[in-house]
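Next comes data-v9.cif, a file with mmCIF, C-alpha atoms.
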data_start
loop_
_atom_site.label_atom_id
_atom_site.label_comp_id
_atom_site.auth_asym_id
_atom_site.auth_seq_id
_atom_site.Cartn_x
_atom_site.Cartn_y
_atom_site.Cartn_z
CA MET A 1 155.01 33.00 75.67
CA MET A 2 155.33 36.49 77.11
CA LYS A 3 154.82 37.38 80.74
CA THR A 4 153.40 40.25 82.75
CA ALA A 5 154.68 40.70 86.30
CA LEU A 6 153.31 42.55 89.33
CA LEU A 7 155.86 43.52 92.00
CA SER A 8 153.64 45.37 94.47
CA ILE A 9 150.23 46.98 94.75
CA LEU A 10 149.32 49.73 97.20
CA LEU A 11 146.52 52.08 98.15
CA LEU A 12 147.48 55.70 97.50
CA GLU A 13 147.22 58.79 99.65
CA TYR A 14 147.28 62.11 97.82
CA SER A 15 149.70 63.66 100.28
CA ALA A 16 152.50 61.28 99.36
CA ALA A 17 151.80 59.21 96.28
CA PHE A 18 151.05 62.00 93.83
CA GLN A 19 154.00 64.26 94.59
CA PRO A 20 156.23 64.96 91.54
CA ALA A 21 158.80 62.23 91.01
CA ALA A 22 161.20 61.01 88.38
CA ALA A 23 158.76 58.64 86.70
CA PRO A 24 160.04 55.94 84.31
CA ARG A 25 159.68 56.70 80.62
CA SER A 26 157.05 53.98 80.42
CA TYR A 27 154.74 55.86 82.77
CA ALA A 28 153.05 59.20 82.15
CA THR A 29 152.48 61.00 85.46
CA LEU A 30 148.77 61.45 86.16
CA PRO A 31 147.38 64.99 86.52
CA ARG A 32 146.34 66.08 89.99
CA ARG A 33 142.63 65.76 89.50
CA MET A 34 141.76 64.80 93.07
CA SER A 35 141.21 66.69 96.27
CA THR A 36 140.67 65.54 99.82
CA THR A 37 139.30 68.94 100.88
CA ASN A 38 135.98 70.66 100.22
CA ASP A 39 135.43 73.75 98.08
CA ASN A 40 135.36 77.21 99.65
CA ASP A 41 131.66 76.98 100.45
CA GLY A 42 132.30 73.73 102.33
CA THR A 43 130.56 71.52 99.74
CA SER A 44 132.23 70.15 96.63
CA THR A 45 130.53 68.71 93.58
CA LYS A 46 132.54 65.53 93.99
CA LYS A 47 131.47 65.18 97.62
CA LYS A 48 127.81 65.59 96.67
CA SER A 49 128.21 62.87 94.05
CA GLU A 50 129.84 60.54 96.57
CA ASN A 51 127.08 61.21 99.10
CA LYS A 52 124.44 60.30 96.52
CA ALA A 53 126.34 57.12 95.71
CA MET A 54 126.59 56.18 99.38
CA ALA A 55 122.85 56.79 99.79
CA PHE A 56 122.19 54.50 96.81
CA LEU A 57 124.36 51.75 98.26
CA ARG A 58 122.62 52.01 101.63
CA SER A 59 119.22 51.81 99.96
CA LYS A 60 120.37 48.63 98.22
CA GLY A 61 121.56 47.16 101.54
CA ARG A 62 125.16 47.00 100.30
CA ILE A 63 126.76 48.97 103.11
CA GLY A 64 125.81 49.49 106.73
CA GLY A 65 124.02 46.73 108.57
CA ALA A 66 123.55 44.47 105.53
CA ALA A 67 127.20 44.56 104.43
CA ASN A 68 127.84 41.01 105.63
CA MET A 69 125.49 39.39 103.14
CA ASP A 70 126.81 36.70 100.82
CA PHE A 71 127.77 38.10 97.41
CA ALA A 72 129.06 34.81 95.98
CA ASN A 73 126.35 34.70 93.32
CA ALA A 74 126.92 38.34 92.31
CA MET A 75 130.53 37.93 91.15
CA GLY A 76 131.20 39.38 87.72
CA LEU A 77 132.19 37.04 84.93
CA ASP A 78 135.66 38.57 84.88
CA GLU A 79 135.86 38.36 88.67
CA SER A 80 134.78 34.76 89.27
CA PRO A 81 137.19 32.50 91.21
CA SER A 82 137.06 29.76 88.57
CA GLY A 83 138.15 29.25 85.00
CA GLY A 84 141.88 29.82 85.43
CA SER A 85 144.91 28.00 86.73
CA GLN A 86 147.04 28.88 89.71
CA LYS A 87 150.33 27.40 90.75
CA ASP A 88 151.89 27.70 94.20
CA THR A 89 155.62 27.84 93.48
CA THR A 90 156.71 28.43 97.09
CA GLY A 91 154.99 25.67 99.02
CA GLY A 92 154.25 28.21 101.75
CA THR A 93 151.39 28.25 104.21
CA LYS A 94 149.21 31.14 105.30
CA LYS A 95 149.81 32.83 108.65
CA SER A 96 147.04 33.17 111.21
CA LYS A 97 144.54 35.95 110.59
CA ALA A 98 145.80 37.82 113.67
CA ALA A 99 149.25 38.11 112.05
CA TYR A 100 147.95 40.22 109.16
CA VAL A 101 147.10 43.90 108.92
CA SER A 102 144.19 45.00 106.73
CA CYS A 103 145.17 46.71 103.49
CA THR A 104 143.18 49.79 104.49
CA ALA A 105 145.12 50.05 107.76
CA SER A 106 148.57 49.64 106.19
CA GLY A 107 147.94 51.01 102.69
CA VAL A 108 149.54 47.84 101.25
CA ILE A 109 147.53 45.24 99.35
CA ASP A 110 150.58 43.10 98.58
CA ASP A 111 154.35 43.61 98.71
CA MET A 112 155.12 39.96 97.86
CA SER A 113 156.55 39.32 101.33
CA ASP A 114 154.21 36.38 102.06
CA PRO A 115 154.35 32.95 100.39
CA PHE A 116 152.42 32.72 97.13
CA PRO A 117 149.47 32.74 96.59
CA PHE A 118 148.82 34.77 99.75
CA THR A 119 148.99 38.56 99.88
CA SER A 120 150.77 40.47 102.62
CA SER A 121 147.34 41.79 103.70
CA GLY A 122 145.89 38.34 104.33
CA SER A 123 143.94 37.60 101.15
CA GLN A 124 144.82 35.32 98.20
CA TRP A 125 145.64 35.76 94.52
CA LEU A 126 143.65 33.88 91.86
CA GLY A 127 144.39 33.31 88.19
CA ILE A 128 141.19 33.64 86.12
CA THR A 129 140.27 33.40 82.42
CA ASP A 130 137.15 33.92 80.30
CA ARG A 131 136.45 30.19 80.33
CA VAL A 132 134.03 30.99 83.18
CA MET A 133 131.78 32.42 80.43
CA GLY A 134 132.50 29.94 77.66
CA GLY A 135 135.60 31.65 76.26
CA SER A 136 138.82 30.04 75.08
CA SER A 137 141.56 32.17 76.66
CA ASN A 138 144.09 30.38 78.84
CA GLY A 139 146.60 31.48 81.43
CA SER A 140 148.60 30.76 84.56
CA LEU A 141 149.69 32.71 87.63
CA THR A 142 152.99 32.06 89.42
CA ARG A 143 155.49 33.74 91.77
CA GLU A 144 158.89 34.23 90.13
CA THR A 145 161.96 36.48 90.14
CA VAL A 146 161.73 38.98 87.27
CA ASP A 147 164.66 41.29 86.53
CA GLY A 148 165.96 40.69 90.04
CA LYS A 149 162.61 41.24 91.81
CA LEU A 150 160.17 38.72 93.26
CA ALA A 151 156.78 39.19 91.59
CA ASN A 152 153.48 37.62 90.57
CA VAL A 153 153.74 36.54 86.94
CA LEU A 154 150.68 36.27 84.66
CA ARG A 155 151.12 34.33 81.43
CA GLY A 156 148.58 33.32 78.84
CA ASN A 157 146.75 33.92 75.59
CA VAL A 158 143.70 36.16 75.23
CA SER A 159 141.26 34.90 72.58
CA LEU A 160 138.05 36.49 71.29
CA VAL A 161 135.13 34.21 70.46
CA SER A 162 133.08 35.09 67.36
CA GLY A 163 134.19 38.72 67.42
CA ASP A 164 133.22 39.15 71.08
CA ASN A 165 135.51 41.68 72.79
CA GLY A 166 135.07 40.02 76.16
CA GLY A 167 138.09 37.67 76.10
CA PHE A 168 140.38 38.10 79.12
CA ILE A 169 142.86 36.67 81.58
CA GLN A 170 143.62 38.21 84.94
CA MET A 171 145.15 37.99 88.39
CA ALA A 172 142.70 39.03 91.11
CA THR A 173 142.38 39.17 94.88
CA ASP A 174 139.63 39.91 97.36
CA LEU A 175 140.60 42.71 99.74
CA SER A 176 138.86 41.95 103.02
CA LEU A 177 140.98 40.35 105.72
CA ASP A 178 137.90 38.56 107.09
CA PRO A 179 135.04 38.26 104.55
CA SER A 180 132.95 36.39 107.13
CA GLU A 181 132.71 39.67 109.08
CA ASP A 182 132.57 42.08 106.13
CA ALA A 183 133.15 41.34 102.44
CA PHE A 184 134.24 44.95 101.78
CA VAL A 185 137.01 47.29 102.87
CA ASN A 186 136.58 51.05 103.18
CA ALA A 187 139.34 52.78 101.19
CA GLU A 188 137.76 56.25 101.28
CA LYS A 189 140.78 57.78 103.03
CA TYR A 190 142.93 56.79 100.05
CA ASP A 191 142.99 58.33 96.58
CA GLY A 192 143.74 55.44 94.23
CA VAL A 193 146.01 52.45 93.63
CA GLU A 194 149.70 52.16 92.75
CA MET A 195 151.40 49.17 91.13
CA GLU A 196 154.88 48.19 90.06
CA VAL A 197 154.44 46.39 86.71
CA TYR A 198 156.76 44.68 84.23
CA CYS A 199 155.72 43.54 80.75
CA GLU A 200 157.77 41.29 78.51
CA ALA A 201 156.52 42.14 75.02
CA THR A 202 157.75 42.73 71.45
CA GLY A 203 158.66 46.40 71.49
CA VAL A 204 155.32 48.22 71.73
CA ALA A 205 153.45 49.51 74.77
CA GLU A 206 150.84 47.09 76.06
CA LYS A 207 147.47 48.03 77.55
CA PHE A 208 146.03 46.44 80.67
CA ASN A 209 143.10 47.16 82.97
CA VAL A 210 142.56 47.33 86.69
CA HIS A 211 139.03 46.21 87.63
CA LEU A 212 137.48 47.07 90.99
CA ARG A 213 134.28 45.68 92.45
CA ASN A 214 132.28 47.51 95.07
CA PRO A 215 128.71 47.00 96.42
CA ALA A 216 127.17 48.53 93.28
CA CYS A 217 128.56 45.60 91.26
CA ASP A 218 125.72 43.19 91.89
CA ARG A 219 125.53 41.75 88.37
CA GLN A 220 127.82 39.29 86.63
CA ASN A 221 129.37 41.77 84.21
CA SER A 222 129.68 44.74 86.57
CA SER A 223 132.92 46.47 87.60
CA TYR A 224 134.74 49.79 87.63
CA ARG A 225 137.66 49.84 85.19
CA ALA A 226 140.74 51.90 84.42
CA THR A 227 143.24 51.29 81.60
CA PHE A 228 147.01 51.80 81.73
CA GLU A 229 149.96 51.26 79.39
CA VAL A 230 153.42 49.84 80.07
CA ARG A 231 156.43 49.67 77.80
CA PRO A 232 158.20 46.31 77.56
CA GLY A 233 161.39 45.30 79.26
CA GLN A 234 161.41 47.59 82.29
CA TRP A 235 159.66 48.02 85.60
CA ALA A 236 157.14 50.89 85.66
CA THR A 237 155.16 52.58 88.41
CA VAL A 238 151.48 52.88 87.51
CA ARG A 239 149.26 55.19 89.55
CA LEU A 240 145.50 55.23 89.05
CA PRO A 241 143.34 57.71 91.03
CA TRP A 242 139.78 56.73 91.88
CA ASP A 243 138.38 59.15 89.32
CA ALA A 244 140.16 57.23 86.55
CA PHE A 245 137.74 54.30 87.07
CA GLU A 246 134.63 54.11 84.88
CA GLY A 247 131.58 51.99 85.55
CA PHE A 248 130.75 49.03 83.30
CA GLY A 249 127.61 46.95 83.47
CA PRO A 250 124.35 47.30 85.42
CA GLY A 251 124.88 49.22 88.64
CA PRO A 252 128.26 50.89 88.02
CA GLU A 253 127.09 52.54 84.80
CA VAL A 254 124.59 54.65 86.77
CA THR A 255 126.33 54.79 90.17
CA PRO A 256 129.26 57.14 90.93
CA PHE A 257 132.29 55.20 92.14
CA VAL A 258 132.79 54.90 95.89
CA PRO A 259 135.93 53.08 97.16
CA ILE A 260 134.12 50.55 99.35
CA LEU A 261 135.97 47.65 97.75
CA ARG A 262 135.52 43.91 97.56
CA ARG A 263 137.96 42.81 94.85
CA LEU A 264 140.77 44.07 92.63
CA GLY A 265 141.95 42.48 89.39
CA VAL A 266 144.76 43.21 86.93
CA VAL A 267 143.35 42.23 83.56
CA SER A 268 144.29 41.77 79.91
CA ILE A 269 140.96 42.08 78.07
CA GLY A 270 139.35 42.68 74.70
CA GLU A 271 142.39 42.15 72.45
CA VAL A 272 143.88 38.98 70.98
CA LYS A 273 147.42 38.69 72.30
CA ASP A 274 149.96 36.73 74.29
CA VAL A 275 150.44 37.98 77.83
#
So that I can check it, write out the structure of this file as structure tokens.
Amino acid sequence: MMKTALLSILLLEYSAAFQPAAAPRSYATLPRRMSTTNDNDGTSTKKKSENKAMAFLRSKGRIGGAANMDFANAMGLDESPSGGSQKDTTGGTKKSKAAYVSCTASGVIDDMSDPFPFTSSGSQWLGITDRVMGGSSNGSLTRETVDGKLANVLRGNVSLVSGDNGGFIQMATDLSLDPSEDAFVNAEKYDGVEMEVYCEATGVAEKFNVHLRNPACDRQNSSYRATFEVRPGQWATVRLPWDAFEGFGPGPEVTPFVPILRRLGVVSIGEVKDV
């Protein structure tokens, strides 16, 4: 069985993360499509779109005073915390909440410095498959050393049932340090996500998704998704700006993306293959 490994995952700031660099051959540098400043007249089209999206989320009670509501029943099928297997290969225990720094304060979601399955920002990794929706894919999530680096390792088989393109396996984590206070984190000061990824495959580039859930994702099949490719046998840096994410399902399909985030998943979906 093949394996796909995740070394680290960060939140990106335009000022540093998208400067020209010697990118690995397995990664095509993303164009600079983002801006953290307004147009000359002080109002940008993107900012107007984001303001409309924020107004929509407020009207739905998803941000502001109602942000603490329980969203357990609104988890997407590919974001549910059941249907997969997870192995703790370190035997570690989680530190106290006070010992962690929120991912939006540090810019780091996980650097693999804490015992598996915990992230370095105080949340927890889950291994999930499409069995939550009656599928037949299977997988596991472990912490192992890959090519000399400690990483999360996702293994499994993606199967499609009766031609349905919804088969998947994934590793996912909630992002809030304290969901009892607020289920979401505000990543508006950042410009995207960055990951160090390794894929053990058979010689061809493999496609994976990153799925994000924000307050607009109030239905079971809702998320914002971006696709990336990695070549096998070498570590690659993958950078995905916010505007690379497209809405899927009720809510996101009609709501511009706003990085008020609840959960992030790295997903193999829609294609029969070993992972």
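Take the candidates A:Ser120, A:Pro250, A:Val193, A:Ala226 and check each one against Ser102 (chain A) using all atoms listed in the file; the shortest distance goes to A:Ser120.
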From the options A:Ala205, A:Cys217, A:Leu177, A:Leu264, which residue's atoms come nearest to Trp125 (chain A), counting only C-alpha atoms? A:Leu264
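For the choices A:Leu12, A:Ile260, A:Val275, A:Met112, the atom-to-atom distance to Arg155 (chain A) is smallest for A:Val275 when using all atoms listed in the file.
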Once the PyMOL selection byres ((chain A and resi 105) around 12) has been applied to the shown file, what residues remain in the selection, as a list in words? Leu10, Leu11, Leu12, Tyr100, Val101, Ser102, Cys103, Thr104, Ser106, Gly107, Val108, Ile109, Ser121, Leu175, Ser176, Leu177, Val185, Asn186, Ala187, Glu188, Lys189 and Tyr190 of chain A
For Asp174 (chain A): contacts at 10 Å, only C-alpha atoms, fewer than 6 positions along chain excluded, given as a PyMOL selection string: chain A and resi 79+81+109+119+122-126+183-185+212-213+261-265
Restricted to C-alpha atoms, what would the selected residues look like written as a compact mmCIF listing (two decimals), in the frame of the given file?
# COMPACT_ATOMS: atom_id res chain seq x y z
CA GLU A 79 135.86 38.36 88.67
CA PRO A 81 137.19 32.50 91.21
CA ILE A 109 147.53 45.24 99.35
CA THR A 119 148.99 38.56 99.88
CA GLY A 122 145.89 38.34 104.33
CA SER A 123 143.94 37.60 101.15
CA GLN A 124 144.82 35.32 98.20
CA TRP A 125 145.64 35.76 94.52
CA LEU A 126 143.65 33.88 91.86
CA ALA A 183 133.15 41.34 102.44
CA PHE A 184 134.24 44.95 101.78
CA VAL A 185 137.01 47.29 102.87
CA LEU A 212 137.48 47.07 90.99
CA ARG A 213 134.28 45.68 92.45
CA LEU A 261 135.97 47.65 97.75
CA ARG A 262 135.52 43.91 97.56
CA ARG A 263 137.96 42.81 94.85
CA LEU A 264 140.77 44.07 92.63
CA GLY A 265 141.95 42.48 89.39
Nearest residue to Val272 (chain A) from the set A:Glu200, A:Glu181, A:Asp147, A:Glu206 (distances using only C-alpha atoms): A:Glu206
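Atom pair CA of Ser8 (chain A) / CA of Met195 (chain A): separated by 5.5 Å.
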Counting all atoms listed in the file, find the residues whose atoms lie at most 12 Å from (136.0, 47.7, 88.6) (file coordinates) and write them out as an MDAnalysis selection string. chainID A and resid 75:79 172 209:218 220:227 242:249 251:253 256:267
Please dump the current selection as a short mmCIF file (atom, residue, chain, number, x, y, z; two decimals), in the coordinates of the input; keep C-alpha atoms.
data_model
loop_
_atom_site.label_atom_id
_atom_site.label_comp_id
_atom_site.auth_asym_id
_atom_site.auth_seq_id
_atom_site.Cartn_x
_atom_site.Cartn_y
_atom_site.Cartn_z
CA MET A 75 130.53 37.93 91.15
CA GLY A 76 131.20 39.38 87.72
CA LEU A 77 132.19 37.04 84.93
CA ASP A 78 135.66 38.57 84.88
CA GLU A 79 135.86 38.36 88.67
CA ALA A 172 142.70 39.03 91.11
CA ASN A 209 143.10 47.16 82.97
CA VAL A 210 142.56 47.33 86.69
CA HIS A 211 139.03 46.21 87.63
CA LEU A 212 137.48 47.07 90.99
CA ARG A 213 134.28 45.68 92.45
CA ASN A 214 132.28 47.51 95.07
CA PRO A 215 128.71 47.00 96.42
CA ALA A 216 127.17 48.53 93.28
CA CYS A 217 128.56 45.60 91.26
CA ASP A 218 125.72 43.19 91.89
CA GLN A 220 127.82 39.29 86.63
CA ASN A 221 129.37 41.77 84.21
CA SER A 222 129.68 44.74 86.57
CA SER A 223 132.92 46.47 87.60
CA TYR A 224 134.74 49.79 87.63
CA ARG A 225 137.66 49.84 85.19
CA ALA A 226 140.74 51.90 84.42
CA THR A 227 143.24 51.29 81.60
CA TRP A 242 139.78 56.73 91.88
CA ASP A 243 138.38 59.15 89.32
CA ALA A 244 140.16 57.23 86.55
CA PHE A 245 137.74 54.30 87.07
CA GLU A 246 134.63 54.11 84.88
CA GLY A 247 131.58 51.99 85.55
CA PHE A 248 130.75 49.03 83.30
CA GLY A 249 127.61 46.95 83.47
CA GLY A 251 124.88 49.22 88.64
CA PRO A 252 128.26 50.89 88.02
CA GLU A 253 127.09 52.54 84.80
CA PRO A 256 129.26 57.14 90.93
CA PHE A 257 132.29 55.20 92.14
CA VAL A 258 132.79 54.90 95.89
CA PRO A 259 135.93 53.08 97.16
CA ILE A 260 134.12 50.55 99.35
CA LEU A 261 135.97 47.65 97.75
CA ARG A 262 135.52 43.91 97.56
CA ARG A 263 137.96 42.81 94.85
CA LEU A 264 140.77 44.07 92.63
CA GLY A 265 141.95 42.48 89.39
CA VAL A 266 144.76 43.21 86.93
CA VAL A 267 143.35 42.23 83.56
#
Test item: the PyMOL selection byres ((chain A and resi 231) around 10) resolved as number ranges by chain: A: 24-27, 197-207, 229-230, 232-236
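In this model, the gap between CA of Thr237 (chain A) and CA of Phe168 (chain A) comes to 22.7 Å.
Take CA of Val254 (chain A) and CA of Val161 (chain A): the distance between them is 28.2 Å.
Of the listed residues A:Ser96, A:Gln170, A:Thr255, A:Ser159, the one whose atoms come nearest to Leu141 (chain A) is A:Gln170, with distances taken using all atoms listed in the file.
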